[in-house]
Structure formats: C-alpha cells, structure tokens
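Trainee: For reference, the file work-v1.tsv (TSV, C-alpha atoms) is included below:
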chain	number	residue	atom	x	y	z
C	302	MET	CA	38.81	86.02	-8.88
C	303	SER	CA	40.37	82.72	-8.00
C	304	VAL	CA	39.24	79.29	-9.10
C	305	THR	CA	37.36	77.24	-6.50
C	306	ILE	CA	37.63	73.44	-6.68
C	307	HIS	CA	35.98	71.18	-4.12
C	308	PRO	CA	38.40	68.64	-2.58
C	309	SER	CA	36.31	65.72	-3.87
C	310	ALA	CA	36.41	66.94	-7.51
C	311	VAL	CA	38.86	65.40	-10.00
C	312	VAL	CA	40.23	68.07	-12.34
C	313	ASP	CA	43.03	67.25	-14.76
C	314	PRO	CA	45.93	69.71	-14.37
C	315	ALA	CA	45.87	70.33	-18.14
C	316	ALA	CA	42.28	71.62	-18.11
C	317	ARG	CA	42.02	75.36	-18.85
C	318	LEU	CA	39.99	77.21	-16.24
C	319	GLY	CA	38.96	80.86	-16.48
C	320	THR	CA	38.76	83.29	-13.60
C	321	GLY	CA	36.02	82.74	-11.06
C	322	VAL	CA	35.33	79.14	-12.11
C	323	GLU	CA	33.63	77.04	-9.43
C	324	ILE	CA	33.84	73.23	-9.53
C	325	GLY	CA	31.66	71.54	-6.95
C	326	PRO	CA	31.72	68.17	-5.20
C	327	PHE	CA	32.45	65.00	-7.16
C	328	CYS	CA	32.83	66.70	-10.56
C	329	VAL	CA	35.25	65.24	-13.12
C	330	VAL	CA	36.95	67.52	-15.67
C	331	GLY	CA	39.18	66.11	-18.40
C	332	PRO	CA	42.50	67.38	-19.77
C	333	ASP	CA	41.17	68.92	-23.00
C	334	VAL	CA	38.32	70.83	-21.34
C	335	GLU	CA	38.12	74.63	-21.30
C	336	LEU	CA	35.81	76.42	-18.84
C	337	GLY	CA	35.23	80.13	-19.42
C	338	ASP	CA	35.19	82.82	-16.77
C	339	GLY	CA	32.60	82.31	-14.08
C	340	VAL	CA	31.48	78.84	-15.19
C	341	ARG	CA	29.94	76.87	-12.32
C	342	LEU	CA	29.75	73.08	-12.18
C	343	LEU	CA	27.48	72.56	-9.18
C	344	SER	CA	28.19	68.90	-8.35
C	345	HIS	CA	28.58	65.44	-9.94
C	346	VAL	CA	29.16	66.97	-13.39
C	347	ALA	CA	31.33	65.05	-15.90
C	348	VAL	CA	33.01	67.09	-18.65
C	349	ALA	CA	35.21	65.16	-21.08
C	350	GLY	CA	36.82	65.37	-24.51
C	351	ARG	CA	37.53	68.59	-26.37
C	352	THR	CA	34.76	70.54	-24.71
C	353	ARG	CA	34.51	74.30	-24.27
C	354	ILE	CA	31.91	75.91	-22.02
C	355	GLY	CA	31.40	79.65	-22.36
C	356	ALA	CA	31.59	82.24	-19.63
C	357	GLY	CA	28.79	82.48	-17.11
C	358	SER	CA	27.26	79.08	-17.83
C	359	VAL	CA	25.92	76.97	-14.96
C	360	VAL	CA	25.84	73.16	-15.12
C	361	TYR	CA	23.67	71.23	-12.68
C	362	PRO	CA	24.27	67.78	-11.10
C	363	PHE	CA	24.78	64.65	-13.17
C	364	ALA	CA	25.11	66.41	-16.52
C	365	SER	CA	27.44	64.62	-18.96
C	366	LEU	CA	29.15	66.86	-21.51
C	367	GLY	CA	31.61	65.89	-24.22
C	368	HIS	CA	31.71	62.13	-23.86
C	369	ALA	CA	31.86	59.95	-26.99
C	370	PRO	CA	28.84	60.35	-29.29
C	371	GLN	CA	26.23	57.61	-29.63
C	372	ASP	CA	27.19	56.95	-33.24
C	373	LEU	CA	28.56	53.56	-34.27
C	374	LYS	CA	30.61	55.27	-37.00
C	375	TYR	CA	32.56	57.27	-34.43
C	376	LYS	CA	36.15	55.98	-34.27
C	377	GLY	CA	37.66	58.32	-31.70
C	378	GLU	CA	38.34	61.25	-34.02
C	379	PRO	CA	39.30	64.49	-32.17
C	380	SER	CA	35.92	66.18	-32.51
C	381	GLU	CA	34.61	68.99	-30.32
C	382	LEU	CA	31.68	70.18	-28.25
C	383	VAL	CA	31.49	73.98	-28.12
C	384	ILE	CA	28.96	75.49	-25.69
C	385	GLY	CA	28.37	79.24	-25.63
C	386	ARG	CA	27.97	81.78	-22.85
C	387	ASN	CA	25.38	82.06	-20.09
C	388	ASN	CA	23.71	78.71	-20.63
C	389	ARG	CA	21.77	76.90	-17.93
C	390	ILE	CA	22.29	73.16	-18.26
C	391	ARG	CA	20.10	71.30	-15.84
C	392	GLU	CA	20.28	67.87	-14.23
C	393	ASN	CA	21.04	64.79	-16.35
C	394	VAL	CA	21.55	66.72	-19.59
C	395	THR	CA	23.79	65.01	-22.15
C	396	MET	CA	25.60	66.77	-24.99
C	397	ASN	CA	27.88	64.86	-27.37
C	398	PRO	CA	30.74	66.11	-29.57
C	399	GLY	CA	30.73	65.94	-33.34
C	400	THR	CA	31.91	63.24	-35.73
C	401	GLU	CA	33.96	63.04	-38.89
C	402	GLY	CA	30.79	62.63	-40.91
C	403	GLY	CA	29.22	65.78	-39.56
C	404	GLY	CA	31.88	68.48	-39.49
C	405	MET	CA	33.65	67.41	-36.27
C	406	VAL	CA	31.80	69.81	-33.98
C	407	THR	CA	28.59	70.07	-31.99
C	408	ARG	CA	27.86	73.73	-31.34
C	409	VAL	CA	25.49	75.29	-28.79
C	410	GLY	CA	24.88	79.05	-28.76
C	411	ASP	CA	24.45	81.54	-25.92
C	412	ASN	CA	21.75	82.08	-23.30
C	413	GLY	CA	20.08	78.69	-23.66
C	414	LEU	CA	18.03	76.77	-21.13
C	415	PHE	CA	18.38	73.00	-21.29
C	416	MET	CA	16.02	71.43	-18.77
C	417	VAL	CA	16.26	68.09	-17.00
C	418	GLY	CA	17.20	65.12	-19.19
C	419	VAL	CA	17.71	66.99	-22.47
C	420	HIS	CA	19.91	65.29	-25.08
C	421	VAL	CA	21.85	67.15	-27.77
C	422	GLY	CA	23.22	64.59	-30.21
C	423	HIS	CA	26.43	64.65	-32.23
C	424	ASP	CA	26.96	67.34	-34.88
C	425	CYS	CA	23.95	69.40	-33.79
C	426	ILE	CA	23.99	73.17	-34.28
C	427	VAL	CA	21.84	74.94	-31.67
C	428	GLY	CA	21.28	78.70	-31.82
C	429	ASN	CA	21.04	81.42	-29.20
C	430	ASN	CA	18.25	81.87	-26.64
C	431	VAL	CA	16.90	78.38	-27.25
C	432	ILE	CA	14.78	76.51	-24.69
C	433	LEU	CA	14.61	72.71	-24.59
C	434	ALA	CA	12.13	71.53	-21.96
C	435	ASN	CA	12.46	68.36	-19.91
C	436	ASN	CA	13.63	65.29	-21.84
C	437	ALA	CA	13.55	66.96	-25.25
C	438	THR	CA	15.86	65.04	-27.59
C	439	LEU	CA	17.83	66.10	-30.66
C	440	GLY	CA	19.10	63.35	-32.95
C	441	GLY	CA	22.43	63.77	-34.74
C	442	HIS	CA	22.99	66.62	-37.21
C	443	VAL	CA	19.90	68.59	-36.09
C	444	GLU	CA	19.89	72.38	-36.52
C	445	VAL	CA	17.85	74.56	-34.15
C	446	GLY	CA	17.44	78.27	-34.87
C	447	ASP	CA	17.57	81.18	-32.44
C	448	PHE	CA	14.71	81.53	-29.93
C	449	ALA	CA	13.19	78.15	-30.81
C	450	VAL	CA	11.34	76.37	-28.01
C	451	LEU	CA	10.99	72.57	-27.79
C	452	GLY	CA	8.39	71.18	-25.39
C	453	GLY	CA	8.91	68.39	-22.91
C	454	LEU	CA	9.42	64.86	-24.24
C	455	SER	CA	9.64	66.09	-27.83
C	456	ALA	CA	12.02	64.28	-30.18
C	457	VAL	CA	13.64	65.59	-33.35
C	458	HIS	CA	14.78	63.15	-36.06
C	459	GLN	CA	18.38	63.34	-37.27
C	460	PHE	CA	19.24	65.92	-39.95
C	461	VAL	CA	16.05	67.93	-39.32
C	462	ARG	CA	16.16	71.74	-39.21
C	463	ILE	CA	14.05	73.73	-36.75
C	464	GLY	CA	13.70	77.34	-37.89
C	465	PRO	CA	14.18	80.39	-35.65
C	466	HIS	CA	11.33	81.27	-33.29
C	467	ALA	CA	9.58	77.95	-33.92
C	468	MET	CA	7.60	76.24	-31.18
C	469	ILE	CA	7.46	72.44	-30.85
C	470	GLY	CA	4.70	71.15	-28.60
C	471	GLY	CA	5.29	68.67	-25.81
C	472	MET	CA	5.47	64.96	-26.74
C	473	THR	CA	5.81	65.82	-30.44
C	474	GLY	CA	7.86	63.73	-32.85
C	475	VAL	CA	9.44	65.94	-35.52
C	476	GLU	CA	10.39	64.05	-38.68
C	477	ALA	CA	10.85	66.89	-41.18
C	478	ASP	CA	12.03	70.51	-41.31
C	479	VAL	CA	10.02	73.11	-39.40
C	480	ILE	CA	9.63	76.58	-40.86
C	481	PRO	CA	10.75	79.66	-38.92
C	482	TYR	CA	7.98	80.96	-36.65
C	483	GLY	CA	6.10	77.67	-37.09
C	484	LEU	CA	4.01	75.89	-34.46
C	485	VAL	CA	4.23	72.09	-34.60
C	486	LYS	CA	2.37	69.60	-32.44
C	487	GLY	CA	1.00	66.07	-32.47
C	488	GLU	CA	2.42	62.58	-31.95
C	489	ARG	CA	3.89	62.77	-35.46
C	490	GLY	CA	4.22	66.51	-35.73
C	491	PHE	CA	2.13	68.55	-38.14
C	492	LEU	CA	2.29	72.29	-38.81
C	493	ALA	CA	-0.53	73.72	-36.72
C	494	GLY	CA	0.07	77.37	-37.59
C	495	LEU	CA	2.42	80.12	-36.48
C	496	ASN	CA	4.00	80.72	-33.08
C	497	LEU	CA	2.01	83.92	-32.65
C	498	VAL	CA	2.41	84.08	-28.88
C	499	GLY	CA	6.18	83.83	-29.21
C	500	LEU	CA	6.27	86.52	-31.88
C	501	GLU	CA	4.23	88.91	-29.77
C	502	ARG	CA	6.31	88.26	-26.66
C	503	ARG	CA	9.50	89.06	-28.53
C	504	GLY	CA	8.21	92.40	-29.69
C	505	PHE	CA	7.68	91.88	-33.40
C	506	ALA	CA	5.56	94.64	-34.94
C	507	LYS	CA	1.89	93.83	-35.45
C	508	GLU	CA	2.20	94.78	-39.11
C	509	GLU	CA	5.01	92.24	-39.61
C	510	ILE	CA	3.04	89.50	-37.83
C	511	ASN	CA	-0.06	90.19	-39.90
C	512	GLY	CA	2.01	90.03	-43.09
C	513	LEU	CA	3.49	86.71	-41.99
C	514	ARG	CA	0.02	85.32	-41.28
C	515	ALA	CA	-1.22	86.29	-44.72
C	516	ALA	CA	1.87	84.81	-46.36
C	517	PHE	CA	1.48	81.58	-44.36
C	518	LYS	CA	-2.11	81.19	-45.54
C	519	GLN	CA	-1.11	81.74	-49.16
C	520	LEU	CA	1.83	79.33	-48.89
C	521	PHE	CA	-0.03	76.44	-47.34
C	522	ALA	CA	-3.65	76.91	-48.36
C	523	GLY	CA	-3.40	78.46	-51.80
C	524	GLU	CA	-3.70	76.85	-55.22
C	525	GLY	CA	-0.86	75.34	-57.25
C	526	THR	CA	2.33	73.68	-56.12
C	527	LEU	CA	4.40	74.87	-53.17
C	528	ALA	CA	7.09	76.07	-55.58
C	529	GLU	CA	4.53	78.16	-57.45
C	530	ARG	CA	3.09	79.58	-54.24
C	531	LYS	CA	6.59	80.52	-53.04
C	532	VAL	CA	7.05	82.68	-56.13
C	533	GLN	CA	3.69	84.36	-55.57
C	534	VAL	CA	4.41	85.04	-51.91
C	535	ALA	CA	7.86	86.45	-52.73
C	536	GLN	CA	6.24	88.93	-55.10
C	537	SER	CA	3.37	89.85	-52.79
C	538	PHE	CA	5.41	90.29	-49.60
C	539	ALA	CA	8.76	91.54	-50.85
C	540	ASP	CA	8.82	94.26	-48.17
C	541	ARG	CA	8.15	91.92	-45.22
C	542	GLN	CA	11.29	90.81	-43.42
C	543	LEU	CA	9.72	87.86	-41.61
C	544	VAL	CA	8.31	86.50	-44.86
C	545	THR	CA	11.68	86.94	-46.57
C	546	GLU	CA	13.37	84.88	-43.85
C	547	LEU	CA	10.71	82.18	-44.14
C	548	LEU	CA	11.17	81.93	-47.90
C	549	ALA	CA	14.96	81.80	-47.53
C	550	PHE	CA	14.59	78.83	-45.16
C	551	LEU	CA	12.40	77.03	-47.71
C	552	THR	CA	14.87	77.72	-50.50
C	553	GLU	CA	17.82	76.41	-48.49
C	554	ARG	CA	16.13	73.12	-47.69
C	555	GLY	CA	16.55	71.76	-51.23
C	556	SER	CA	14.82	68.38	-51.46
C	557	ARG	CA	14.44	67.90	-47.71
C	558	ALA	CA	11.01	66.96	-46.36
C	559	LEU	CA	8.96	69.73	-44.79
C	560	THR	CA	6.51	69.55	-41.89
C	561	LEU	CA	3.13	70.51	-43.39
C	562	PRO	CA	-0.37	71.25	-42.12
C	563	ARG	CA	-2.84	68.40	-41.95
What do you get writing this file as structure tokens?
Mentor:
Amino acid sequence: MSVTIHPSAVVDPAARLGTGVEIGPFCVVGPDVELGDGVRLLSHVAVAGRTRIGAGSVVYPFASLGHAPQDLKYKGEPSELVIGRNNRIRENVTMNPGTEGGGMVTRVGDNGLFMVGVHVGHDCIVGNNVILANNATLGGHVEVGDFAVLGGLSAVHQFVRIGPHAMIGGMTGVEADVIPYGLVKGERGFLAGLNLVGLERRGFAKEEINGLRAAFKQLFAGEGTLAERKVQVAQSFADRQLVTELLAFLTERGSRALTLPR
C-alpha cells in the first residue's frame, strides 16, 4: 500500500513512513518522526521530535505529539516519545517526550484510548489497553499499569504510580500511588475499594476476586501496621495470583506515599 499525503500537509522528507500511512490536511510531520504501517493522521496533527507511532494508530485533529516537554529543566536533549500500536488519540491530546532526569523517554503502550484533551507528561510510562477519558492529565514521571482507566478531568501528580486494572473516578486528584485493582475517587483521591466491575468484565475468576476482596479487607482494615498486615496477607493468600501482584506493587513502592481508604 502506498503512502497518502494531502497536498496541504507538511512532511519532512527525512520522516520515516510505513506502508499505508495516511496524512491528512494541514498536518505537520518532523524529520525525526517514524510512523508505523497504517498510521492515520486525520487532519491538523503536529508530530515533532524523536517520536515513533506504532502501526494501526489513529490520531485525530489538533493533537500535538513529541513537542518539547513542559519542564523548565529540559535543555533540548535528544529524548524520545514512543507510542505503541493501535492507539486512538483523540482531538487536542498532548504527549511530551522524556527528559534527561527521567530516562530520556516517554513510553505509551498498545491499544490505548486517549480521549479529547488528555495530557501525557514527560517521562511517563503508560501500559497497554489503558483508557484516559476527556481531559485526564498525567504529570511527569507517572506510571500507569495495563488496563487502568482514568475518568474525565482527573489529574495525577508527578511520580505517582497507578497499578494495573485500577479505576480513577472523574474529577479525582491523585497524589499518591494507587494499588492494582484499586478504585479511587474524591476531590483529593481516597481508596474507595476495588475495581470489581472492571475485574468481572475482564473475566477474572470469581474465586480470585473473592480472595482479593478478603485480602484487601485484611490489608486496610486489620490490626497492626501495614507492614505487619502485608506479611499476614502474604501467608494467608500465597496461592492467589491477584493478591501476589498487589503485594509486589506495595513492596516495590519503597517509601512512596500510598492512597489509602478514609
């Protein structure tokens, strides 16, 4: 399949374009950009810097991808924005490349949906099958696990980790790490429970979900310190995969703050 470029688009001759790429009216594509097979830039899309967009992704009008990050420490270092396959990037989305202080790369996985006005800040690591609803915002250095869902107008503080399969309610401010499978809501987010609807929709076994619910209750409503309760839960639920993943997330966080129930 040949590449299709609208006459009004400005595409640098050095840009690398896969087969079947479509670049619509008034798009601008820079010299260090790579577009995978079948990528479609519908119109008025600006792609700059060292940006790669994976095969099958569709970018809607007025998205801005790969322009300089909003970080005063950025000095023009040759950082990257790497976007995976089959993403849907809607109108007015912005995604920034990495910085020297954060590993030099912002990375977005496959099969994501980024709705109108979403912002992915510098040095973020976003997993696969993630949904960010309208105007959701990720500060710099945020990590978002696979299948996480962030509601509209939510905002995640820099350096926060959102675990896999977590659900962030609309208009929620997230200031601390969110456990895998967690449900967070409120103006200043609190842990409201587990994302049970999401777990059921994704086909997790009822036995695994029930084990996770029991472990959650013991972790956050039991006696003793959180460290002591972690040990107890690890012993009681050693055969539960979801619980094991939850405990691994807590162990990896070190001294980082954790979003807790009220």
Trainee: Select, from C:Leu342, C:Val443, C:Leu497, C:Val329, the residue with the minimum atom-to-atom distance to Val304 in chain C, counting all atoms listed in the file.
Mentor: C:Leu342
Trainee: Anything within 6 Å of (8.9, 84.9, -49.6): list those residues as a list in words, counting only C-alpha atoms and sticking to the file's coordinates.
Mentor: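 Looking at atoms near the point gives Val534, Ala535, Val544, Thr545 and Leu548 of chain C.
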Trainee: With distances taken over all atoms listed in the file, which of C:Asn435, C:Gly441, C:Ile480, C:Ile324 is nearest to Ala558 in chain C?
Mentor: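 Smallest separation from Ala558 in chain C among the options: C:Ile480.
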Trainee: Pick out the closest residue to Val479 in chain C from this set: C:His345, C:His442, C:Arg563, C:Arg557. Count only C-alpha atoms.
Mentor: C:Arg557
Trainee: Counting only C-alpha atoms, figure out which residue out of C:His466, C:Arg317, C:His368, C:Arg514 gets nearest to Leu382 in chain C.
Mentor: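 Closest to Leu382 in chain C, using only C-alpha atoms: C:His368.
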Trainee: Can you work out which one of C:Arg353, C:Arg503, C:Arg462, C:His423 has the shortest atom-to-atom distance to Leu318 in chain C, counting all atoms listed in the file?
Mentor: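 That would be C:Arg353, the residue with the smallest distance to Leu318 in chain C.
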